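Novice: Got a file for you: final.txt, compact mmCIF, C-alpha atoms.
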```txt
# COMPACT_ATOMS: atom_id res chain seq x y z
CA MET A 55 -17.74 31.33 13.04
CA VAL A 56 -15.01 29.09 14.47
CA LYS A 57 -12.57 31.09 16.58
CA TYR A 58 -8.97 30.24 17.38
CA PRO A 59 -7.08 31.69 20.34
CA HIS A 60 -3.95 33.75 20.06
CA PRO A 61 -1.53 32.34 22.63
CA LYS A 62 -1.16 34.58 25.62
CA LYS A 63 -0.43 34.20 29.31
CA GLY A 64 -3.22 34.45 31.85
CA ASP A 65 -4.38 33.10 35.16
CA CYS A 66 -4.70 29.63 33.74
CA GLY A 67 -1.35 29.64 31.97
CA MET A 68 -0.83 29.80 28.22
CA GLU A 69 -3.16 28.67 25.44
CA ARG A 70 -1.59 25.76 23.63
CA SER A 71 -0.01 26.31 20.23
CA LEU A 72 2.70 24.46 18.40
CA THR A 73 4.34 27.33 16.52
CA LEU A 74 2.96 30.70 17.65
CA GLU A 75 4.49 33.18 20.06
CA GLY A 76 5.70 31.77 23.34
CA SER A 77 6.17 28.20 22.09
CA ARG A 78 9.79 28.21 20.94
CA LYS A 79 10.63 24.74 22.21
CA ARG A 80 7.63 23.29 20.41
CA ARG A 81 8.52 25.21 17.27
CA PHE A 82 12.01 23.76 17.47
CA TRP A 83 10.72 20.18 17.61
CA SER A 84 8.25 20.91 14.82
CA PHE A 85 11.18 22.27 12.78
CA VAL A 86 13.18 19.09 13.51
CA SER A 87 10.31 16.83 12.46
CA GLY A 88 9.87 18.79 9.22
CA ALA A 89 13.60 18.71 8.49
CA GLY A 90 13.64 14.96 9.15
CA MET A 91 10.76 14.43 6.75
CA ILE A 92 12.59 16.44 4.09
CA ALA A 93 15.85 14.52 4.54
CA ALA A 94 14.12 11.12 4.39
CA SER A 95 12.11 12.19 1.32
CA VAL A 96 15.19 13.43 -0.54
CA LEU A 97 17.02 10.15 0.14
CA THR A 98 13.97 8.15 -0.96
CA ILE A 99 13.65 10.12 -4.21
CA GLN A 100 17.37 9.73 -4.91
CA HIS A 101 17.15 5.97 -4.40
CA PHE A 102 14.07 5.75 -6.62
CA PHE A 103 15.86 7.36 -9.57
CA LYS A 104 19.17 5.57 -8.98
CA ALA A 105 17.41 2.22 -8.82
CA ASN A 106 15.22 2.77 -11.87
CA PHE A 107 17.60 4.80 -14.04
CA PRO A 108 21.27 3.85 -13.50
CA GLU A 109 23.74 5.95 -15.44
CA SER A 110 26.21 3.10 -15.78
CA ILE A 111 26.18 -0.65 -15.58
CA PHE A 112 28.81 -0.49 -12.83
CA LYS A 113 26.81 1.88 -10.61
CA GLY A 114 24.44 -0.49 -8.92
CA SER A 115 22.14 1.03 -6.35
CA PHE A 116 20.60 -1.24 -3.76
CA CYS A 117 19.63 -1.16 -0.11
CA ASP A 118 19.44 -4.80 0.85
CA ILE A 119 20.26 -5.48 4.48
CA SER A 120 18.02 -8.54 4.38
CA SER A 121 15.07 -9.90 2.43
CA PHE A 122 12.80 -7.85 4.73
CA PHE A 123 14.78 -4.60 5.07
CA ASN A 124 14.97 -3.98 1.34
CA CYS A 125 14.49 -0.61 -0.39
CA ASP A 126 14.43 -2.07 -3.91
CA SER A 127 11.00 -3.62 -3.36
CA SER A 128 9.65 -0.16 -2.53
CA ALA A 129 11.43 1.52 -5.44
CA TYR A 130 9.96 -1.01 -7.91
CA SER A 131 6.47 -1.27 -6.44
CA SER A 132 3.39 -0.21 -8.39
CA ILE A 133 2.79 2.76 -6.08
CA ALA A 134 6.37 4.05 -6.05
CA GLN A 135 5.42 6.68 -8.62
CA PHE A 136 2.39 8.07 -10.43
CA ARG A 137 2.99 9.28 -13.98
CA GLY A 138 6.65 9.72 -13.17
CA VAL A 139 6.14 11.59 -9.90
CA PRO A 140 7.81 9.62 -7.08
CA MET A 141 5.85 9.07 -3.89
CA GLY A 142 8.66 10.72 -1.97
CA TYR A 143 7.80 14.05 -3.61
CA LEU A 144 4.58 14.28 -1.57
CA GLY A 145 6.63 13.72 1.58
CA LEU A 146 9.05 16.41 0.50
CA ILE A 147 6.19 18.92 0.17
CA VAL A 148 4.62 18.02 3.52
CA GLY A 149 7.99 18.18 5.29
CA GLY A 150 8.72 21.55 3.68
CA LEU A 151 5.41 22.97 4.85
CA VAL A 152 5.98 21.79 8.42
CA LEU A 153 9.46 23.33 8.42
CA LEU A 154 8.23 26.63 6.95
CA GLY A 155 5.36 26.69 9.44
CA ALA A 156 7.89 26.56 12.26
CA LEU A 157 10.04 29.31 10.73
CA PHE A 158 7.20 31.65 9.71
CA PRO A 159 4.34 30.85 12.08
CA SER A 160 0.78 32.08 11.76
CA ALA A 161 -2.57 30.77 12.97
CA ALA A 162 -3.74 29.97 9.43
CA PHE A 163 -0.45 28.24 8.59
CA GLU A 164 -0.61 26.12 11.76
CA ARG A 165 -4.25 25.13 11.24
CA THR A 166 -3.58 24.07 7.66
CA ASN A 167 -0.46 22.12 8.56
CA LYS A 168 -2.40 20.46 11.36
CA SER A 169 -5.00 19.27 8.85
CA LEU A 170 -2.30 17.98 6.53
CA SER A 171 -0.57 16.19 9.43
CA LEU A 172 -3.67 14.03 9.90
CA LEU A 173 -3.85 13.11 6.20
CA ASN A 174 -0.10 12.48 6.17
CA ALA A 175 -0.29 10.24 9.24
CA LEU A 176 -3.10 8.18 7.71
CA GLY A 177 -1.11 7.86 4.48
CA VAL A 178 2.00 6.81 6.38
CA ILE A 179 0.12 4.11 8.28
CA GLY A 180 -1.38 2.87 4.99
CA LEU A 181 2.04 2.71 3.31
CA LEU A 182 3.55 0.95 6.32
CA LEU A 183 0.84 -1.72 6.21
CA TYR A 184 1.24 -2.06 2.43
CA SER A 185 5.00 -2.53 2.78
CA VAL A 186 4.84 -5.05 5.62
CA PHE A 187 1.85 -7.14 4.54
CA PHE A 188 1.90 -6.83 0.74
CA LEU A 189 5.51 -6.20 -0.26
CA LYS A 190 6.75 -8.23 2.72
CA SER A 191 9.61 -5.77 3.12
CA LEU A 192 10.42 -2.44 4.72
CA CYS A 193 12.67 0.30 3.37
CA LEU A 194 14.73 2.01 6.05
CA LEU A 195 14.65 5.29 4.10
CA CYS A 196 10.84 5.19 4.04
CA SER A 197 10.82 4.21 7.71
CA GLY A 198 12.69 7.40 8.54
CA TYR A 199 9.92 9.40 6.89
CA TYR A 200 7.26 7.40 8.73
CA LEU A 201 8.94 8.12 12.05
CA PHE A 202 9.26 11.90 11.58
CA SER A 203 5.72 12.09 10.17
CA LEU A 204 4.24 10.44 13.22
CA ILE A 205 6.30 12.68 15.52
CA SER A 206 4.93 15.71 13.66
CA PHE A 207 1.38 14.41 13.93
CA GLY A 208 1.84 13.83 17.66
CA LEU A 209 3.03 17.40 18.12
CA PHE A 210 0.03 18.81 16.24
CA TRP A 211 -2.32 16.53 18.16
CA ALA A 212 -0.93 17.63 21.53
CA TYR A 213 -0.24 21.32 20.89
CA GLY A 214 -1.85 22.40 17.60
CA LEU A 215 -4.42 25.18 17.63
CA ALA A 216 -8.00 24.10 18.27
CA PRO A 217 -11.31 25.99 18.23
CA THR A 218 -12.08 27.92 21.42
CA SER A 219 -15.74 26.88 21.24
CA GLY A 220 -16.03 23.77 23.41
CA GLY A 221 -12.27 23.48 23.69
CA LEU A 222 -12.24 20.73 21.09
CA ARG A 223 -8.97 18.84 20.79
CA THR A 224 -10.40 15.96 18.76
CA VAL A 225 -10.20 14.86 15.15
CA ARG A 226 -12.64 17.65 14.29
CA ALA A 227 -9.95 20.16 15.25
CA PHE A 228 -7.84 18.83 12.36
CA LEU A 229 -10.51 19.58 9.77
CA VAL A 230 -10.52 23.38 9.60
CA PRO A 231 -7.59 24.43 7.38
CA SER A 232 -7.15 27.78 5.69
CA ILE A 233 -8.63 27.51 2.18
CA LYS A 234 -6.24 30.18 0.89
CA HIS A 235 -3.25 28.22 2.13
CA LEU A 236 -4.59 25.00 0.63
CA VAL A 237 -4.94 26.66 -2.78
CA VAL A 238 -1.34 27.92 -2.65
CA TYR A 239 -0.14 24.46 -1.54
CA ALA A 240 -2.01 22.83 -4.42
CA ILE A 241 -0.46 25.18 -7.00
CA VAL A 242 3.05 24.52 -5.66
CA LEU A 243 2.38 20.77 -5.52
CA LEU A 244 1.14 20.59 -9.12
CA ALA A 245 3.97 22.74 -10.46
CA GLY A 246 6.59 20.57 -8.80
CA ALA A 247 4.83 17.38 -9.86
CA TYR A 248 4.87 18.48 -13.48
CA GLY A 249 8.61 19.13 -13.20
CA PHE A 250 9.17 15.62 -11.82
CA HIS A 251 7.03 14.19 -14.62
CA LEU A 252 9.22 15.86 -17.25
CA PHE A 253 12.38 14.73 -15.45
CA TYR A 254 11.11 11.14 -15.33
CA LYS A 255 10.34 11.18 -19.07
CA ALA A 256 13.79 12.59 -19.80
CA LYS A 257 15.33 9.77 -17.74
CA GLN A 258 13.32 7.20 -19.71
CA ASP A 259 14.49 8.66 -23.01
CA ALA A 260 18.10 8.69 -21.79
CA GLN A 261 17.90 5.01 -20.86
CA LEU A 262 16.78 4.19 -24.38
CA GLY A 263 19.44 6.35 -25.99
CA GLY A 264 22.90 7.30 -24.77
CA VAL A 265 22.79 5.29 -21.55
CA ALA A 266 21.87 2.08 -23.38
CA THR A 267 24.73 2.64 -25.81
CA ARG A 268 27.18 3.10 -22.95
CA VAL A 269 25.90 -0.02 -21.20
CA VAL A 270 26.49 -2.10 -24.33
CA LYS A 271 30.09 -0.86 -24.46
CA GLU A 272 30.53 -1.67 -20.78
CA TYR A 273 29.13 -5.14 -21.38
CA TYR A 274 31.72 -5.80 -24.08
CA SER A 275 34.45 -4.57 -21.74
CA LEU A 276 33.85 -7.60 -19.52
CA ALA A 277 36.17 -10.57 -19.72
CA GLU A 278 34.55 -13.79 -20.84
CA VAL A 279 33.77 -16.52 -18.31
CA LYS A 280 33.02 -20.16 -18.96
CA ASN A 281 29.57 -21.63 -18.69
CA PRO A 282 29.15 -23.76 -15.55
CA SER A 283 30.48 -27.31 -15.83
CA LEU A 284 26.89 -28.47 -15.48
CA VAL A 285 24.46 -26.28 -17.38
CA SER A 286 21.09 -26.92 -15.81
CA PRO A 287 18.82 -29.21 -17.86
CA TYR A 288 15.90 -27.04 -16.77
CA TRP A 289 15.40 -24.45 -19.50
CA THR A 290 12.76 -21.74 -19.58
CA ALA A 291 13.43 -20.92 -23.24
CA THR A 292 14.70 -23.28 -25.94
CA ALA A 293 15.92 -22.36 -29.41
CA THR A 294 18.38 -25.21 -30.10
CA GLU A 295 19.03 -28.72 -28.81
CA ARG A 296 22.55 -27.82 -27.65
CA PHE A 297 22.73 -24.90 -25.27
CA GLU A 298 25.86 -23.47 -26.93
CA ASP A 299 24.26 -23.32 -30.41
CA ALA A 300 21.76 -20.51 -29.76
CA PRO A 301 22.67 -16.93 -30.74
CA ILE A 302 21.69 -15.77 -27.23
CA ARG A 303 22.59 -17.95 -24.25
CA ILE A 304 21.59 -16.99 -20.73
CA VAL A 305 22.45 -18.95 -17.60
CA GLU A 306 20.44 -17.46 -14.74
CA TYR A 307 21.33 -18.21 -11.13
CA VAL A 308 17.99 -17.69 -9.42
CA ASP A 309 16.25 -18.07 -6.06
CA PHE A 310 12.48 -18.61 -6.14
CA LEU A 311 11.99 -16.41 -3.04
CA CYS A 312 14.20 -13.52 -4.17
CA SER A 313 12.23 -10.34 -4.92
CA ASP A 314 14.76 -9.23 -7.57
CA CYS A 315 14.37 -12.64 -9.22
CA LEU A 316 10.63 -12.00 -9.44
CA PHE A 317 11.39 -8.89 -11.51
CA LEU A 318 13.79 -10.95 -13.61
CA TYR A 319 11.07 -13.55 -14.20
CA LYS A 320 8.81 -10.85 -15.66
CA GLN A 321 11.65 -9.58 -17.81
CA MET A 322 12.54 -13.04 -19.10
CA LYS A 323 8.93 -13.60 -20.15
CA GLN A 324 9.16 -10.59 -22.44
CA LEU A 325 12.58 -11.60 -23.77
CA LYS A 326 11.30 -15.09 -24.65
CA ASP A 327 8.45 -13.59 -26.65
CA GLU A 328 10.58 -11.04 -28.48
CA TYR A 329 13.46 -13.38 -29.31
CA LYS A 330 11.68 -16.67 -29.80
CA GLY A 331 13.88 -19.15 -31.65
CA LYS A 332 17.03 -17.16 -30.86
CA ILE A 333 17.48 -17.61 -27.12
CA ASN A 334 18.27 -20.43 -24.71
CA ILE A 335 17.72 -19.73 -21.00
CA ALA A 336 18.99 -22.25 -18.43
CA PHE A 337 17.54 -21.97 -14.93
CA GLN A 338 20.43 -22.58 -12.54
CA PHE A 339 18.99 -23.26 -9.07
CA PHE A 340 20.66 -21.07 -6.43
CA PRO A 341 18.40 -20.82 -3.37
CA LEU A 342 19.80 -18.61 -0.60
CA ASP A 343 18.84 -21.23 1.94
CA GLY A 344 21.42 -23.03 4.07
CA LYS A 345 19.52 -26.31 3.90
CA CYS A 346 20.95 -26.97 0.45
CA ASN A 347 23.30 -24.10 -0.48
CA GLN A 348 26.79 -24.17 1.02
CA VAL A 349 28.33 -21.92 -1.64
CA VAL A 350 27.22 -18.79 0.24
CA PRO A 351 26.74 -19.90 3.87
CA GLU A 352 26.69 -16.21 4.87
CA LYS A 353 23.20 -15.98 3.30
CA GLY A 354 21.97 -19.34 4.54
CA ASN A 355 19.05 -17.89 6.49
CA LYS A 356 17.90 -15.36 3.93
CA HIS A 357 15.14 -17.30 2.14
CA PRO A 358 13.97 -20.31 4.18
CA GLY A 359 11.89 -22.60 2.02
CA ALA A 360 13.77 -21.82 -1.20
CA CYS A 361 15.48 -25.23 -1.22
CA GLU A 362 12.13 -26.94 -0.86
CA LEU A 363 10.76 -25.03 -3.85
CA SER A 364 13.82 -25.95 -5.89
CA PHE A 365 13.31 -29.66 -5.20
CA ILE A 366 9.61 -29.44 -6.07
CA ALA A 367 10.35 -27.68 -9.36
CA ALA A 368 13.17 -30.07 -10.29
CA HIS A 369 11.54 -33.41 -9.49
CA ASP A 370 9.74 -33.84 -12.83
CA PRO A 371 11.52 -32.06 -15.73
CA ALA A 372 8.36 -32.27 -17.86
CA LYS A 373 6.48 -30.17 -15.31
CA PHE A 374 9.31 -27.76 -14.50
CA ASN A 375 8.13 -24.78 -16.54
CA GLN A 376 4.58 -24.99 -15.20
CA ILE A 377 5.77 -25.20 -11.61
CA HIS A 378 8.38 -22.46 -12.24
CA ASP A 379 5.73 -20.06 -13.52
CA GLU A 380 3.23 -20.89 -10.79
CA ILE A 381 5.78 -20.21 -8.06
CA PHE A 382 6.64 -16.76 -9.39
CA GLU A 383 3.00 -15.91 -10.13
CA ASN A 384 2.25 -16.69 -6.47
CA PHE A 385 5.42 -15.17 -5.08
CA GLU A 386 4.08 -14.19 -1.65
CA LYS A 387 2.18 -17.46 -1.15
CA ALA A 388 5.30 -19.45 -1.98
CA ARG A 389 6.79 -18.47 1.39
CA ASN A 390 4.09 -20.48 3.13
CA PRO A 391 4.99 -24.17 3.82
CA GLU A 392 1.34 -25.21 3.47
CA TRP A 393 1.12 -23.62 0.02
CA ARG A 394 4.32 -25.41 -1.03
CA ALA A 395 2.86 -28.74 0.11
CA GLN A 396 -0.30 -28.07 -1.91
CA LEU A 397 1.83 -27.14 -4.93
CA ALA A 398 3.69 -30.46 -4.75
CA LYS A 399 0.40 -32.33 -4.42
CA LYS A 400 -1.16 -30.45 -7.35
CA TYR A 401 1.61 -31.58 -9.70
CA GLY A 402 2.06 -35.01 -8.19
CA VAL A 403 5.62 -34.40 -7.02
CA GLU A 404 5.18 -35.01 -3.29
CA ALA A 405 8.21 -37.32 -3.40
CA ALA A 406 10.46 -34.37 -4.37
CA LEU A 407 11.45 -33.64 -0.76
CA THR A 408 12.64 -37.18 -0.10
CA ASP A 409 13.94 -38.22 -3.51
CA GLN A 410 17.73 -38.37 -3.27
CA ALA A 411 18.28 -38.20 -7.05
CA THR A 412 16.37 -34.89 -7.23
CA LYS A 413 18.32 -33.45 -4.31
CA ASP A 414 21.66 -34.57 -5.74
CA LEU A 415 20.96 -32.92 -9.10
CA VAL A 416 19.86 -29.64 -7.52
CA LEU A 417 22.95 -29.65 -5.28
CA LYS A 418 25.23 -30.21 -8.27
CA ILE A 419 23.64 -27.24 -10.04
CA ILE A 420 23.98 -25.05 -6.94
CA ASN A 421 27.62 -26.02 -6.45
CA THR A 422 28.57 -24.76 -9.91
CA GLY A 423 28.43 -21.33 -8.26
CA ALA A 424 31.75 -22.20 -6.61
CA GLU A 425 33.46 -22.58 -9.99
CA TYR A 426 33.79 -18.82 -10.54
CA ASP A 427 36.49 -16.53 -9.20
CA LYS A 428 35.60 -14.22 -6.33
CA THR A 429 33.56 -11.15 -7.26
CA SER A 430 33.56 -9.76 -3.71
CA ASP A 431 35.99 -9.92 -0.80
CA LYS A 432 33.06 -10.79 1.46
CA PHE A 433 32.35 -14.10 -0.24
CA SER A 434 34.47 -17.08 -1.24
CA TYR A 435 33.06 -17.63 -4.72
CA GLY A 436 31.90 -15.69 -7.76
CA ILE A 437 28.21 -16.60 -7.59
CA ARG A 438 27.17 -15.07 -4.28
CA SER A 439 23.81 -13.38 -4.85
CA THR A 440 20.69 -13.62 -6.96
CA PRO A 441 19.94 -12.98 -9.67
CA THR A 442 23.27 -13.50 -11.42
CA LEU A 443 23.24 -13.88 -15.20
CA ILE A 444 25.86 -15.22 -17.57
CA VAL A 445 24.87 -13.73 -20.91
CA ASN A 446 26.91 -15.17 -23.77
CA ASN A 447 29.76 -15.90 -21.36
CA ARG A 448 29.83 -12.52 -19.61
CA MET A 449 28.64 -12.14 -16.03
CA ILE A 450 26.01 -9.67 -14.85
CA ILE A 451 25.36 -9.61 -11.11
CA GLY A 452 22.00 -8.10 -10.33
CA THR A 453 19.43 -6.67 -12.70
CA LEU A 454 19.25 -4.20 -15.57
CA PRO A 455 16.43 -2.09 -16.96
CA TYR A 456 14.71 -3.92 -19.79
CA ALA A 457 15.82 -1.33 -22.35
CA GLN A 458 19.47 -1.87 -21.45
CA LEU A 459 19.28 -5.66 -21.48
CA LYS A 460 17.48 -5.54 -24.81
CA ALA A 461 20.21 -3.29 -26.21
CA ILE A 462 22.81 -5.89 -25.19
CA ILE A 463 20.76 -8.68 -26.81
CA GLU A 464 20.35 -6.70 -30.04
CA SER A 465 24.08 -5.99 -30.13
CA LEU A 466 24.93 -9.65 -29.57
CA LEU A 467 22.74 -10.62 -32.47
CA SER A 468 24.52 -8.24 -34.81
CA GLU A 469 28.08 -7.86 -33.50
CA SER A 470 30.90 -9.77 -31.81
CA GLY A 471 32.53 -8.02 -28.85
CA THR A 472 36.14 -7.97 -27.63
CA ALA A 473 36.85 -9.16 -24.10
CA GLY A 474 38.22 -6.63 -21.67
CA SER A 475 39.71 -6.64 -18.18
CA GLN A 476 36.55 -6.39 -16.03
CA ARG A 477 35.35 -9.81 -14.82
CA PHE A 478 31.75 -9.00 -14.01
CA MET A 479 29.28 -6.13 -13.74
CA GLU A 480 26.84 -5.52 -10.94
CA ASN A 481 23.58 -3.61 -10.85
CA TRP A 482 20.20 -3.65 -9.13
CA VAL A 483 17.52 -1.75 -11.00
CA ASP A 484 13.95 -1.90 -12.34
CA LEU A 485 13.07 -4.95 -14.41
CA ARG A 486 9.64 -3.83 -15.46
CA PRO A 487 9.15 -3.90 -19.23
CA ALA A 488 9.89 -0.63 -20.99
CA LYS A 489 6.97 1.04 -22.73
CA LYS A 490 6.78 0.31 -26.43
CA LYS A 491 6.25 3.89 -27.63
CA PRO A 492 9.46 5.37 -26.20
CA ALA A 493 11.39 2.40 -27.58
CA ALA A 494 9.97 2.99 -31.05
CA LYS A 495 10.81 6.67 -30.94
CA SER A 496 14.36 5.87 -29.87
CA ALA A 497 14.71 3.49 -32.78
CA ASP A 498 13.49 6.15 -35.19
CA LYS A 499 16.02 8.62 -33.84
CA LYS A 500 18.83 6.18 -34.49
```
Write out the structure in this file as structure tokens.
Specialist:
Amino acid sequence: MVKYPHPKKGDCGMERSLTLEGSRKRRFWSFVSGAGMIAASVLTIQHFFKANFPESIFKGSFCDISSFFNCDSSAYSSIAQFRGVPMGYLGLIVGGLVLLGALFPSAAFERTNKSLSLLNALGVIGLLLYSVFFLKSLCLLCSGYYLFSLISFGLFWAYGLAPTSGGLRTVRAFLVPSIKHLVVYAIVLLAGAYGFHLFYKAKQDAQLGGVATRVVKEYYSLAEVKNPSLVSPYWTATATERFEDAPIRIVEYVDFLCSDCLFLYKQMKQLKDEYKGKINIAFQFFPLDGKCNQVVPEKGNKHPGACELSFIAAHDPAKFNQIHDEIFENFEKARNPEWRAQLAKKYGVEAALTDQATKDLVLKIINTGAEYDKTSDKFSYGIRSTPTLIVNNRMIIGTLPYAQLKAIIESLLSESGTAGSQRFMENWVDLRPAKKKPAAKSADKK
């Protein structure tokens, strides 16, 4: 039977323990690491729900210091939640156990938390690698959790109880938890997860019901704006020969290397299918790259290479939609100059980067962003970030959940709104397509 020491003083000093009697300073730091994990997890969960389920069109939630330090990419990623349970919930549980283990120490509690600290550390390293190398971004809220998790693991590695036989302080010492404690943890974990699942479903239903209705009203409260003086000739959806003749008219200011624009691309694909023959979508080039965009010089270094992609896509109008789709379908590769060169070669548009006519047209389209009144004191002109949509002459800065955008489209097809005093609305939320079943149920309720 594996034996664990009870800390006590002797000729050789004190047996090491992180939380048991005689180790108050260590308990304090274990408490701090657990509290830090809890705080970071709560903030991460809050951001997840604010980003995916905004209560109002004017309550945008985004953490976007740069294209790399961006919490939206994490909130929208495929592993951000499982069946409605946010990833941050697991961190909340682990942090809570570490904190409770410091407040109410016991040998079994410490051994079990030590085992969990190893699993948690491995998970944290995996998530960090996924964020940096796959998402190409890092959320500062998540980073806080990573930091406190690794501190906690270090404390358990250095001071956590280990078997007396052989004095093992290796990985093996992390693999002897209390089965009773694990069972209790599992019950608590599953109960809380089920609660989050129900909460997530309720949020989904709310987005398709009352929230969508409120968003439509807020949309109609916006004052009308003119279409740009030059509506881009590059359309991703065509219902009529003249742009102004379609029932639904969307001018989208987009950057090929913008992660939010990638979500918008997926959303637009669904809109084009659902409203075929009713919608015109003009792709208004707006790369956040100082090599061609002087409308927002403050963001000139945000997406290097975006101008190059714009020229490649614009060079041959007949090939625009194919190139447009291929860029977004290979979003991460598009950052690589070699991939961009191969893309130009594939479509026979190598001359795009030196053709003055192509550059002039793209620049004219970009410069239409300066035609709109300021929407922020930080920037000189109205178009200052991507994506920005002008939907039937009303401006939406950022993104909306698909259910809300669809509600606006449906309303535009059946009603005419009255302009209000607001000049634009701003939001940054999930663009993934809404599930069909909830949408059908919502329609039946109405």
Novice: Skipping near chain neighbours, those fewer than 5 positions away, what residues fall within 9 Å of segment 236-248 of chain A using only C-alpha atoms, listed as an MDAnalysis selection string?
Specialist: chainID A and resid 138:140 143:144 147 151 166 231 253
Novice: For atom CA of Pro287 of chain A and atom CA of Pro391 of chain A, quote the distance in Å rounded to one decimal.
Specialist: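 A separation of 26.2 Å between them.
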Novice: Hey, can you check how far atom CA of Gly149 of chain A sits from atom CA of Lys104 of chain A?
Specialist: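 Answer for the atom CA of Gly149 of chain A to atom CA of Lys104 of chain A separation: 22.1 Å.
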Novice: Just the residues within 10 Å of Asn174 of chain A, please, counting all atoms listed in the file, with nothing from its chain fewer than 4 positions along; format it as a list in words.
Specialist: Leu144, Gly145, Val148, Gly149, Asn167, Lys168, Ser169, Leu170, Val178, Ile179, Gly180, Tyr200, Ser203, Leu204, Ser206 and Phe207 of chain A
Novice: State, in Å with one decimal place, the distance from atom CA of Ala367 of chain A to atom CA of Arg296 of chain A.
Specialist: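 Between these atoms lies a distance of 22.0 Å.
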Novice: Which one is closest to Lys345 of chain A: A:Thr267, A:Ser364, A:Ser465, A:Thr73? Count all atoms listed in the file.
Specialist: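 For Lys345 of chain A, the nearest of the candidates is A:Ser364.
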Novice: Closest to Val230 of chain A among A:Ile450, A:Leu182, A:Leu209, A:Ala162, using all atoms listed in the file?
Specialist: A:Ala162
Novice: Go through A:Leu284, A:Ile366, A:Leu194, A:Leu276 and flag the residue nearest Val445 of chain A, using only C-alpha atoms for the distances.
Specialist: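 Checking each candidate against Val445 of chain A, we get A:Leu276 as the closest.
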Novice: Smallest atom-to-atom distance to Ile335 of chain A: which of A:Cys315, A:Leu176, A:Ile304, A:Met449, using only C-alpha atoms?
Specialist: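 That would be A:Ile304, the residue with the smallest distance to Ile335 of chain A.
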Novice: Taking into account only C-alpha atoms, which residue in the set A:Leu311, A:Leu189, A:Ala175, A:Ala105 is nearest to Lys257 of chain A?
Specialist: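 Nearest to Lys257 of chain A: A:Ala105.
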Novice: With distances taken over only C-alpha atoms, which residue among A:Phe103, A:Ile205, A:Thr98, A:Phe297 lies nearest Lys255 of chain A?
Specialist: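 When distances to Lys255 of chain A are compared using only C-alpha atoms, the smallest one comes from A:Phe103.
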Novice: Would you compute an axis-aligned box for segment 145-159 of chain A, covering every atom listed for it in the file with 4 Å of margin on each side, and report centre and edge lengths in Å to one decimal as lines of an AutoDock Vina configuration file?
Specialist:
```
center_x = 7.2
center_y = 22.7
center_z = 6.2
size_x = 13.7
size_y = 25.9
size_z = 20.1
```
Novice: List the spatial neighbours of Pro282 of chain A as a compact mmCIF listing (two decimals) with C-alpha atoms, in the frame of the given file - criterion: any atom at most 8 Å away, all atoms listed in the file, same-chain residues fewer than 2 positions off excluded.
Specialist:
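Output saved as part.txt:
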```txt
# COMPACT_ATOMS: atom_id res chain seq x y z
CA LYS A 280 33.02 -20.16 -18.96
CA LEU A 284 26.89 -28.47 -15.48
CA VAL A 285 24.46 -26.28 -17.38
CA THR A 422 28.57 -24.76 -9.91
CA GLY A 423 28.43 -21.33 -8.26
CA GLU A 425 33.46 -22.58 -9.99
```
Novice: Skipping near chain neighbours, those fewer than 3 positions away, what residues fall within 7 Å of segment 348-353 of chain A using all atoms listed in the file, listed as a PyMOL selection string?
Specialist: chain A and resi 342-344+356+421+423-424+433+438
Novice: For the point (6.2, -22.0, -1.4) in file coordinates, what residues are within 9 Å, counting all atoms listed in the file? Give the answer as a list in words?
Specialist: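 Within 9 Å of (6.2, -22.0, -1.4), the protein and nucleic acid residues are Phe310, Leu311, Gly359, Ala360, Glu362, Leu363, Ile381, Asn384, Phe385, Glu386, Lys387, Ala388, Arg389, Asn390, Pro391, Glu392, Trp393, Arg394, Ala395, Gln396 and Leu397 of chain A.
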Novice: Can you pull out every residue within 12 Å of Cys196 of chain A, counting all atoms listed in the file, but drop anything in the same chain fewer than 2 positions away, and send it as a PyMOL selection string?
Specialist: chain A and resi 90-102+117+123-129+134+141-142+145-146+178-179+181-182+185-186+191-194+198-203
